[in-house]
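coords_15.txt (compact mmCIF, C-alpha atoms (C1' of nucleotides)) appears below.
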```txt
# COMPACT_ATOMS: atom_id res chain seq x y z
CA MET A 1 0.00 0.00 0.00
CA HIS A 2 1.36 3.37 -1.07
CA TYR A 3 1.31 6.45 1.09
CA SER A 4 -1.42 8.91 0.15
CA LYS A 5 -1.80 12.46 1.35
CA GLN A 6 -5.57 12.20 0.91
CA ARG A 7 -5.87 9.03 3.00
CA GLU A 8 -3.82 10.58 5.79
CA ALA A 9 -6.03 13.66 5.70
CA VAL A 10 -9.24 11.60 6.02
CA LYS A 11 -7.78 9.51 8.84
CA HIS A 12 -6.48 12.59 10.65
CA TYR A 13 -9.87 14.27 10.23
CA LEU A 14 -11.70 11.37 11.84
CA GLN A 15 -9.23 11.17 14.68
CA ASN A 16 -9.77 14.84 15.50
CA HIS A 17 -13.54 15.14 15.18
CA THR A 18 -16.08 13.46 17.42
CA THR A 19 -18.99 14.81 15.37
CA HIS A 20 -19.69 11.57 13.46
CA PRO A 21 -19.47 13.36 10.11
CA THR A 22 -20.91 12.19 6.82
CA ALA A 23 -18.62 11.66 3.83
CA GLU A 24 -19.92 14.92 2.38
CA MET A 25 -19.06 16.88 5.53
CA ILE A 26 -15.52 15.49 5.54
CA TYR A 27 -15.18 16.31 1.86
CA GLN A 28 -16.37 19.89 2.34
CA ASP A 29 -13.95 20.47 5.21
CA LEU A 30 -10.94 18.85 3.57
CA LYS A 31 -11.53 20.83 0.39
CA LYS A 32 -10.64 24.00 2.30
CA THR A 33 -7.01 22.92 2.59
CA MET A 34 -6.91 20.42 -0.30
CA PRO A 35 -8.97 22.02 -3.06
CA ASN A 36 -8.41 19.16 -5.50
CA ILE A 37 -9.60 16.30 -3.30
CA SER A 38 -12.63 14.52 -4.73
CA LEU A 39 -15.67 13.06 -3.04
CA GLY A 40 -14.95 9.65 -4.61
CA THR A 41 -11.54 9.61 -2.96
CA VAL A 42 -13.06 10.48 0.40
CA TYR A 43 -15.48 7.57 0.04
CA ARG A 44 -12.77 5.18 -1.12
CA ASN A 45 -10.55 6.05 1.82
CA LEU A 46 -13.37 5.95 4.35
CA ASN A 47 -14.28 2.46 3.21
CA LEU A 48 -10.63 1.43 3.38
CA LEU A 49 -10.33 2.76 6.94
CA VAL A 50 -13.49 0.90 7.95
CA GLU A 51 -12.18 -2.35 6.42
CA ARG A 52 -8.88 -1.91 8.23
CA GLY A 53 -10.69 -1.29 11.50
CA ASP A 54 -9.45 2.29 11.77
CA ALA A 55 -12.97 3.70 11.63
CA ILE A 56 -16.57 2.65 12.20
CA LYS A 57 -19.51 3.21 9.89
CA LEU A 58 -22.76 4.16 11.62
CA ASP A 59 -26.32 4.35 10.43
CA PHE A 60 -29.21 5.80 12.25
CA GLY A 61 -32.25 5.56 10.16
CA ASP A 62 -31.87 8.42 7.72
CA GLY A 63 -29.89 6.24 5.34
CA ILE A 64 -26.80 8.46 5.39
CA ASP A 65 -23.56 6.90 6.59
CA ARG A 66 -21.75 8.53 9.50
CA PHE A 67 -18.12 7.82 10.30
CA ASP A 68 -16.44 7.51 13.69
CA GLY A 69 -12.67 7.39 14.17
CA PHE A 70 -13.04 6.38 17.81
CA THR A 71 -12.93 2.60 17.34
CA SER A 72 -12.80 1.07 20.82
CA PRO A 73 -16.21 -0.38 21.68
CA HIS A 74 -18.65 2.26 22.86
CA TYR A 75 -22.33 3.04 22.60
CA HIS A 76 -24.18 5.86 20.89
CA PHE A 77 -27.05 8.15 21.70
CA ILE A 78 -29.26 9.68 19.00
CA CYS A 79 -31.28 12.77 19.81
CA ASN A 80 -34.89 12.49 18.62
CA LYS A 81 -35.14 16.27 18.40
CA CYS A 82 -31.95 17.50 16.72
CA ASN A 83 -30.86 14.15 15.25
CA ARG A 84 -27.29 14.50 16.48
CA LEU A 85 -25.28 11.45 17.46
CA PHE A 86 -23.31 11.38 20.74
CA ASP A 87 -20.69 9.01 22.11
CA LEU A 88 -21.51 7.49 25.49
CA LYS A 89 -18.80 6.89 28.03
CA MET A 90 -20.55 4.01 29.85
CA LYS A 91 -18.67 0.74 30.11
CA HIS A 92 -19.25 -2.03 27.59
CA LEU A 93 -21.89 -4.53 28.76
CA GLU A 94 -20.24 -7.84 27.87
CA HIS A 95 -22.74 -9.88 29.87
CA ILE A 96 -25.72 -9.09 27.69
CA ASN A 97 -24.23 -11.32 24.99
CA SER A 98 -24.73 -14.29 27.29
CA LEU A 99 -28.26 -13.16 28.11
CA ALA A 100 -29.00 -13.25 24.42
CA SER A 101 -27.36 -16.63 23.89
CA ILE A 102 -29.69 -18.24 26.43
CA GLU A 103 -32.58 -17.73 24.03
CA PHE A 104 -30.75 -17.95 20.73
CA ASP A 105 -28.90 -20.97 19.45
CA GLY A 106 -26.36 -19.11 17.34
CA GLU A 107 -22.93 -17.85 18.30
CA ILE A 108 -23.13 -14.30 19.55
CA GLU A 109 -19.92 -12.38 18.94
CA GLY A 110 -20.93 -8.85 19.84
CA HIS A 111 -23.61 -6.21 19.95
CA ILE A 112 -24.35 -2.60 19.12
CA ILE A 113 -26.64 -0.39 21.19
CA TYR A 114 -28.24 2.85 20.09
CA PHE A 115 -29.87 4.82 22.90
CA HIS A 116 -32.36 7.50 21.97
CA GLY A 117 -34.22 10.35 23.62
CA THR A 118 -33.58 14.04 24.20
CA CYS A 119 -29.99 15.33 24.29
CA PRO A 120 -28.77 17.81 26.96
CA ASP A 121 -28.94 20.78 24.56
CA CYS A 122 -32.50 20.08 23.41
CA LYS A 123 -33.54 19.33 27.00
CA THR A 124 -32.57 22.80 28.23
CA GLN A 125 -34.32 24.44 25.28
CA MET A 126 -37.70 23.12 26.44
CA MET B 1 -58.24 8.13 5.91
CA HIS B 2 -59.83 6.01 3.19
CA TYR B 3 -59.73 2.24 3.14
CA SER B 4 -57.23 0.85 0.66
CA LYS B 5 -56.90 -2.75 -0.47
CA GLN B 6 -53.18 -2.17 -1.06
CA ARG B 7 -52.54 -0.84 2.44
CA GLU B 8 -54.38 -3.78 3.98
CA ALA B 9 -52.33 -6.18 1.88
CA VAL B 10 -49.02 -4.63 3.00
CA LYS B 11 -50.10 -4.63 6.65
CA HIS B 12 -51.34 -8.21 6.41
CA TYR B 13 -48.10 -9.25 4.73
CA LEU B 14 -45.98 -7.81 7.54
CA GLN B 15 -48.16 -9.40 10.21
CA ASN B 16 -47.71 -12.81 8.64
CA HIS B 17 -44.00 -12.79 7.80
CA THR B 18 -41.16 -12.71 10.31
CA THR B 19 -38.55 -12.52 7.56
CA HIS B 20 -37.89 -8.75 7.86
CA PRO B 21 -38.52 -8.21 4.16
CA THR B 22 -37.37 -5.29 2.06
CA ALA B 23 -39.93 -3.15 0.20
CA GLU B 24 -38.91 -4.90 -3.01
CA MET B 25 -39.55 -8.37 -1.53
CA ILE B 26 -42.99 -7.33 -0.33
CA TYR B 27 -43.73 -5.83 -3.73
CA GLN B 28 -42.66 -8.99 -5.58
CA ASP B 29 -44.80 -11.20 -3.34
CA LEU B 30 -47.89 -8.99 -3.39
CA LYS B 31 -47.71 -8.72 -7.18
CA LYS B 32 -48.54 -12.44 -7.40
CA THR B 33 -52.07 -11.80 -6.15
CA MET B 34 -52.34 -8.07 -6.98
CA PRO B 35 -50.64 -7.72 -10.37
CA ASN B 36 -51.31 -3.98 -10.60
CA ILE B 37 -49.78 -2.93 -7.29
CA SER B 38 -46.83 -0.60 -7.71
CA LEU B 39 -43.58 -0.33 -5.81
CA GLY B 40 -44.30 3.33 -5.00
CA THR B 41 -47.53 2.32 -3.29
CA VAL B 42 -45.73 -0.32 -1.26
CA TYR B 43 -43.22 2.30 -0.09
CA ARG B 44 -45.92 4.85 0.68
CA ASN B 45 -47.88 2.38 2.76
CA LEU B 46 -44.83 1.03 4.55
CA ASN B 47 -43.89 4.55 5.61
CA LEU B 48 -47.45 5.18 6.72
CA LEU B 49 -47.46 2.01 8.83
CA VAL B 50 -44.14 2.97 10.41
CA GLU B 51 -45.45 6.47 11.25
CA ARG B 52 -48.56 4.99 12.77
CA GLY B 53 -46.47 2.57 14.83
CA ASP B 54 -47.81 -0.51 13.07
CA ALA B 55 -44.41 -1.47 11.77
CA ILE B 56 -40.72 -0.88 12.46
CA LYS B 57 -38.06 0.10 9.97
CA LEU B 58 -34.71 -1.61 10.44
CA ASP B 59 -31.28 -0.96 9.00
CA PHE B 60 -28.28 -3.13 9.28
CA GLY B 61 -25.47 -1.61 7.42
CA ASP B 62 -26.22 -2.54 3.84
CA GLY B 63 -28.34 0.58 3.41
CA ILE B 64 -31.50 -1.32 2.48
CA ASP B 65 -34.52 -0.83 4.72
CA ARG B 66 -36.12 -3.91 6.29
CA PHE B 67 -39.61 -3.90 7.72
CA ASP B 68 -40.93 -5.68 10.78
CA GLY B 69 -44.62 -5.96 11.65
CA PHE B 70 -43.84 -7.30 15.11
CA THR B 71 -43.83 -3.99 16.99
CA SER B 72 -43.55 -4.85 20.68
CA PRO B 73 -39.99 -4.12 21.86
CA HIS B 74 -37.56 -6.87 20.97
CA TYR B 75 -33.94 -7.24 19.91
CA HIS B 76 -32.41 -8.44 16.67
CA PHE B 77 -29.56 -10.67 15.65
CA ILE B 78 -27.71 -10.23 12.37
CA CYS B 79 -25.72 -13.15 10.97
CA ASN B 80 -22.26 -12.10 9.78
CA LYS B 81 -22.20 -15.02 7.36
CA CYS B 82 -25.59 -15.10 5.64
CA ASN B 83 -26.68 -11.56 6.56
CA ARG B 84 -30.12 -12.68 7.71
CA LEU B 85 -31.90 -10.86 10.52
CA PHE B 86 -33.50 -12.82 13.39
CA ASP B 87 -35.87 -11.79 16.17
CA LEU B 88 -34.63 -12.56 19.67
CA LYS B 89 -37.04 -13.69 22.36
CA MET B 90 -35.00 -12.39 25.32
CA LYS B 91 -36.72 -9.97 27.67
CA HIS B 92 -36.30 -6.23 27.22
CA LEU B 93 -33.46 -4.82 29.36
CA GLU B 94 -35.07 -1.69 30.79
CA HIS B 95 -32.31 -1.15 33.32
CA ILE B 96 -29.61 -0.38 30.78
CA ASN B 97 -31.31 2.96 30.11
CA SER B 98 -30.49 4.01 33.67
CA LEU B 99 -26.92 2.75 33.27
CA ALA B 100 -26.57 5.03 30.27
CA SER B 101 -28.15 8.01 32.03
CA ILE B 102 -25.50 7.90 34.77
CA GLU B 103 -22.92 9.01 32.22
CA PHE B 104 -25.10 11.08 29.92
CA ASP B 105 -26.97 14.17 30.88
CA GLY B 106 -29.78 13.81 28.34
CA GLU B 107 -33.13 12.12 28.75
CA ILE B 108 -32.91 8.52 27.64
CA GLU B 109 -36.22 7.22 26.35
CA GLY B 110 -35.24 3.90 24.87
CA HIS B 111 -32.65 1.81 23.11
CA ILE B 112 -32.13 -0.58 20.25
CA ILE B 113 -29.70 -3.51 20.34
CA TYR B 114 -28.34 -5.41 17.37
CA PHE B 115 -26.50 -8.59 18.28
CA HIS B 116 -24.23 -10.12 15.68
CA GLY B 117 -22.33 -13.35 15.13
CA THR B 118 -23.03 -16.68 13.48
CA CYS B 119 -26.62 -17.89 13.17
CA PRO B 120 -27.65 -21.51 13.98
CA ASP B 121 -27.85 -22.47 10.29
CA CYS B 122 -24.42 -21.13 9.38
CA LYS B 123 -22.98 -22.61 12.58
CA THR B 124 -23.95 -26.18 11.61
CA GLN B 125 -22.59 -25.70 8.10
CA MET B 126 -19.06 -25.25 9.45
C1' DT C 1 -68.42 15.54 -5.82
C1' DT C 2 -64.41 15.47 -3.15
C1' DC C 3 -60.02 14.22 -2.15
C1' DA C 4 -57.25 10.12 -0.40
C1' DC C 5 -54.95 6.86 -2.78
C1' DT C 6 -53.04 4.58 -6.81
C1' DG C 7 -49.96 3.35 -10.92
C1' DC C 8 -46.49 4.94 -13.53
C1' DA C 9 -42.38 7.05 -14.61
C1' DA C 10 -39.16 10.46 -13.73
C1' DA C 11 -36.42 12.60 -10.27
C1' DT C 12 -33.49 12.46 -6.19
C1' DC C 13 -29.44 11.63 -3.79
C1' DG C 14 -25.92 8.99 -1.29
C1' DT C 15 -22.58 5.96 -2.89
C1' DT C 16 -19.83 3.35 -6.26
C1' DT C 17 -17.26 2.75 -10.39
C1' DG C 18 -14.75 3.15 -15.05
C1' DC C 19 -11.12 5.39 -16.95
C1' DA C 20 -7.26 8.13 -18.00
C1' DC C 21 -3.79 10.39 -15.34
C1' DT C 22 -0.51 11.04 -11.40
C1' DG C 23 2.74 10.02 -8.00
C1' DG C 24 4.92 6.73 -4.55
C1' DC C 25 8.33 3.28 -4.56
C1' DG D 1 8.46 1.46 -15.10
C1' DC D 2 4.87 -0.46 -12.33
C1' DC D 3 0.70 -0.12 -10.27
C1' DA D 4 -1.78 1.96 -6.16
C1' DG D 5 -4.22 5.94 -5.70
C1' DT D 6 -6.59 10.09 -7.62
C1' DG D 7 -9.98 13.30 -9.97
C1' DC D 8 -13.71 13.48 -12.65
C1' DA D 9 -17.96 12.30 -14.32
C1' DA D 10 -21.11 8.84 -15.31
C1' DA D 11 -23.57 4.95 -13.43
C1' DC D 12 -26.12 2.72 -9.81
C1' DG D 13 -29.86 1.63 -6.83
C1' DA D 14 -33.00 2.39 -3.08
C1' DT D 15 -36.42 5.60 -2.17
C1' DT D 16 -39.35 9.59 -3.15
C1' DT D 17 -42.29 12.39 -5.82
C1' DG D 18 -45.25 14.71 -9.56
C1' DC D 19 -49.14 13.92 -11.99
C1' DA D 20 -53.19 12.29 -14.09
C1' DG D 21 -56.52 8.81 -13.19
C1' DT D 22 -59.41 5.91 -9.81
C1' DG D 23 -62.32 4.76 -6.14
C1' DA D 24 -63.91 5.36 -1.17
C1' DA D 25 -66.96 8.27 1.42
```
Translate the structure described by the file into structure tokens.
Amino acid sequence: MHYSKQREAVKHYLQNHTTHPTAEMIYQDLKKTMPNISLGTVYRNLNLLVERGDAIKLDFGDGIDRFDGFTSPHYHFICNKCNRLFDLKMKHLEHINSLASIEFDGEIEGHIIYFHGTCPDCKTQM
Amino acid sequence: MHYSKQREAVKHYLQNHTTHPTAEMIYQDLKKTMPNISLGTVYRNLNLLVERGDAIKLDFGDGIDRFDGFTSPHYHFICNKCNRLFDLKMKHLEHINSLASIEFDGEIEGHIIYFHGTCPDCKTQM
DNA sequence: TTCACTGCAAATCGTTTGCACTGGC
DNA sequence: GCCAGTGCAAACGATTTGCAGTGAA
């Protein structure tokens, strides 16, 4: 694999933003300092980073992919009001895999939890 | 709201299939007995049922919406090998909402869990 | 008659891909 | 020089939408 300025920029962007950006957002921001970067390249590198395990791809119902450079297992919270996605700091609940395996005869390797409700910002605006 | 044969058919279909079908699958099946039904109508009615709370829309990474007519809270399992989605019978874990709210200053109203691993069928084929 | 709903086809839009070119090694 | 990676634009595919026609109330 060759070094690529664009790939480094995408990786660096994800490692320095906890906003769960879309590919388009990353593209728009990177364009400011790299005017020639293309959206296709951003997508190609995001998918590469996800394959490599250097990023996570998230979905939350609107069909647009969000990317997260914080890869150690953690949960997410989606605000019903403003639709923003937040990282939660709570510890990973390993034991619920065994709860699930009591009822299900497959091999459970992991789980993803999305919490939802009203975020702190929207809560104070009510 | 007017009665519609097509809407009843979509609702009935979801209530009688636990396969988490896509809109296209529902359309293909309904066409067998309703040759004139259109894909747009299937989509419109699915969205209506979801809004009304008579169905749930699920996503699991491939970007294609799945629909579930079984609306009481339950968890899902996605097979890494065959990509099928299964309903889990385990009880709903209300308490993890309070675990999350210890660390997060928003109002947590609910959560969704996706378990993943190897399903029973794929497990025996190994 | 009214207007919710339909079928159809075109539009939308996030994402992927083909291709010629560029740059890392 | 080789070929991974890029920029660009076209293609793709799931979903939505505009519109004229249909059918429930």
Only residues of chain D matter here; which ones have an atom within 9 Å of chain A, counting only C-alpha atoms (C1' of nucleotides)? Give them as a compact mmCIF listing (two decimals) with C-alpha atoms (C1' of nucleotides), in the frame of the given file.
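Dumped everything to part21.txt:
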```
# COMPACT_ATOMS: atom_id res chain seq x y z
C1' DA D 4 -1.78 1.96 -6.16
C1' DG D 5 -4.22 5.94 -5.70
C1' DT D 6 -6.59 10.09 -7.62
C1' DG D 7 -9.98 13.30 -9.97
C1' DC D 8 -13.71 13.48 -12.65
```
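The residues of chain C lying at most 9 Å from chain A, with only C-alpha atoms (C1' of nucleotides) taken into account, are C:DG14, C:DT15, C:DT16, C:DG24, C:DC25.
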Moved chain B, fitted on chain A by every C-alpha in sequence order, as a compact mmCIF listing (two decimals) with C-alpha atoms, in the coordinates of the input:
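out.txt, written as the output of this step:
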```
# COMPACT_ATOMS: atom_id res chain seq x y z
CA MET B 1 -0.12 -0.06 -0.14
CA HIS B 2 1.24 3.32 -1.22
CA TYR B 3 1.24 6.38 0.98
CA SER B 4 -1.47 8.87 0.08
CA LYS B 5 -1.81 12.42 1.34
CA GLN B 6 -5.59 12.15 0.90
CA ARG B 7 -5.90 8.99 2.98
CA GLU B 8 -3.82 10.52 5.76
CA ALA B 9 -6.01 13.61 5.71
CA VAL B 10 -9.23 11.57 6.03
CA LYS B 11 -7.77 9.45 8.83
CA HIS B 12 -6.46 12.53 10.64
CA TYR B 13 -9.83 14.23 10.24
CA LEU B 14 -11.69 11.32 11.85
CA GLN B 15 -9.19 11.11 14.70
CA ASN B 16 -9.71 14.77 15.51
CA HIS B 17 -13.49 15.10 15.20
CA THR B 18 -16.05 13.44 17.45
CA THR B 19 -18.94 14.81 15.40
CA HIS B 20 -19.67 11.57 13.48
CA PRO B 21 -19.45 13.35 10.14
CA THR B 22 -20.89 12.19 6.84
CA ALA B 23 -18.60 11.67 3.83
CA GLU B 24 -19.90 14.94 2.40
CA MET B 25 -19.02 16.88 5.58
CA ILE B 26 -15.50 15.47 5.57
CA TYR B 27 -15.16 16.30 1.89
CA GLN B 28 -16.33 19.90 2.39
CA ASP B 29 -13.91 20.44 5.28
CA LEU B 30 -10.90 18.81 3.61
CA LYS B 31 -11.49 20.83 0.44
CA LYS B 32 -10.58 23.99 2.39
CA THR B 33 -6.96 22.88 2.65
CA MET B 34 -6.88 20.37 -0.25
CA PRO B 35 -8.94 22.03 -3.00
CA ASN B 36 -8.40 19.18 -5.46
CA ILE B 37 -9.60 16.32 -3.28
CA SER B 38 -12.65 14.57 -4.70
CA LEU B 39 -15.68 13.10 -3.01
CA GLY B 40 -14.99 9.70 -4.61
CA THR B 41 -11.57 9.63 -2.97
CA VAL B 42 -13.07 10.49 0.40
CA TYR B 43 -15.51 7.58 0.04
CA ARG B 44 -12.82 5.18 -1.13
CA ASN B 45 -10.58 6.02 1.80
CA LEU B 46 -13.39 5.93 4.34
CA ASN B 47 -14.31 2.43 3.19
CA LEU B 48 -10.67 1.41 3.35
CA LEU B 49 -10.35 2.71 6.91
CA VAL B 50 -13.51 0.87 7.94
CA GLU B 51 -12.22 -2.39 6.41
CA ARG B 52 -8.93 -1.98 8.18
CA GLY B 53 -10.72 -1.33 11.48
CA ASP B 54 -9.49 2.24 11.76
CA ALA B 55 -12.98 3.65 11.63
CA ILE B 56 -16.59 2.62 12.21
CA LYS B 57 -19.52 3.20 9.90
CA LEU B 58 -22.76 4.16 11.63
CA ASP B 59 -26.34 4.36 10.44
CA PHE B 60 -29.23 5.82 12.26
CA GLY B 61 -32.26 5.58 10.15
CA ASP B 62 -31.86 8.48 7.77
CA GLY B 63 -29.89 6.31 5.36
CA ILE B 64 -26.79 8.51 5.42
CA ASP B 65 -23.57 6.91 6.62
CA ARG B 66 -21.73 8.53 9.53
CA PHE B 67 -18.11 7.81 10.32
CA ASP B 68 -16.42 7.49 13.69
CA GLY B 69 -12.66 7.35 14.17
CA PHE B 70 -13.03 6.35 17.81
CA THR B 71 -12.94 2.57 17.35
CA SER B 72 -12.80 1.07 20.84
CA PRO B 73 -16.24 -0.36 21.71
CA HIS B 74 -18.67 2.28 22.88
CA TYR B 75 -22.37 3.06 22.61
CA HIS B 76 -24.20 5.89 20.89
CA PHE B 77 -27.08 8.17 21.68
CA ILE B 78 -29.27 9.68 18.99
CA CYS B 79 -31.32 12.78 19.80
CA ASN B 80 -34.91 12.51 18.58
CA LYS B 81 -35.14 16.29 18.38
CA CYS B 82 -31.95 17.50 16.71
CA ASN B 83 -30.87 14.15 15.24
CA ARG B 84 -27.30 14.51 16.47
CA LEU B 85 -25.28 11.45 17.46
CA PHE B 86 -23.34 11.40 20.75
CA ASP B 87 -20.72 9.02 22.12
CA LEU B 88 -21.56 7.52 25.50
CA LYS B 89 -18.85 6.93 28.08
CA MET B 90 -20.60 4.05 29.88
CA LYS B 91 -18.71 0.78 30.15
CA HIS B 92 -19.28 -1.98 27.62
CA LEU B 93 -21.92 -4.49 28.78
CA GLU B 94 -20.26 -7.80 27.91
CA HIS B 95 -22.75 -9.84 29.89
CA ILE B 96 -25.72 -9.06 27.68
CA ASN B 97 -24.20 -11.29 24.99
CA SER B 98 -24.67 -14.27 27.30
CA LEU B 99 -28.22 -13.16 28.09
CA ALA B 100 -28.95 -13.24 24.38
CA SER B 101 -27.28 -16.62 23.86
CA ILE B 102 -29.62 -18.25 26.38
CA GLU B 103 -32.49 -17.74 23.95
CA PHE B 104 -30.62 -17.96 20.66
CA ASP B 105 -28.74 -20.94 19.41
CA GLY B 106 -26.21 -19.04 17.31
CA GLU B 107 -22.79 -17.79 18.30
CA ILE B 108 -23.02 -14.24 19.56
CA GLU B 109 -19.83 -12.30 18.97
CA GLY B 110 -20.87 -8.79 19.85
CA HIS B 111 -23.57 -6.17 19.94
CA ILE B 112 -24.32 -2.57 19.13
CA ILE B 113 -26.64 -0.36 21.18
CA TYR B 114 -28.25 2.87 20.07
CA PHE B 115 -29.90 4.82 22.86
CA HIS B 116 -32.39 7.50 21.92
CA GLY B 117 -34.24 10.35 23.59
CA THR B 118 -33.63 14.04 24.17
CA CYS B 119 -30.06 15.34 24.28
CA PRO B 120 -28.85 17.81 26.96
CA ASP B 121 -29.01 20.78 24.56
CA CYS B 122 -32.55 20.10 23.39
CA LYS B 123 -33.60 19.34 26.97
CA THR B 124 -32.64 22.83 28.21
CA GLN B 125 -34.38 24.46 25.26
CA MET B 126 -37.76 23.16 26.43
```
Determine the nearest neighbour of Asp121 of chain B from the options B:Ile108, B:Ile96, B:Cys79, B:Met90, counting only C-alpha atoms.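 Using only C-alpha atoms, the shortest distance to Asp121 of chain B belongs to B:Cys79.
Near chain A, the residues of chain B that fall inside 7 Å (using all atoms listed in the file) are Asp59, Gly61, Gly63, Leu88, Lys89, Met90, Ala100, Glu103, Phe104, Asp105, Gly106, Glu107, Ile108, Glu109, Gly110, His111, Ile112, Ile113, Tyr114, Phe115, His116, Gly117, Thr118, Cys119, Pro120 and Lys123 of chain B.
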Atom CA of Ile26 of chain B to atom C1' of DG18 of chain D, straight-line distance in Å: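 Rounded to one decimal, the two atoms are 24.0 Å apart.
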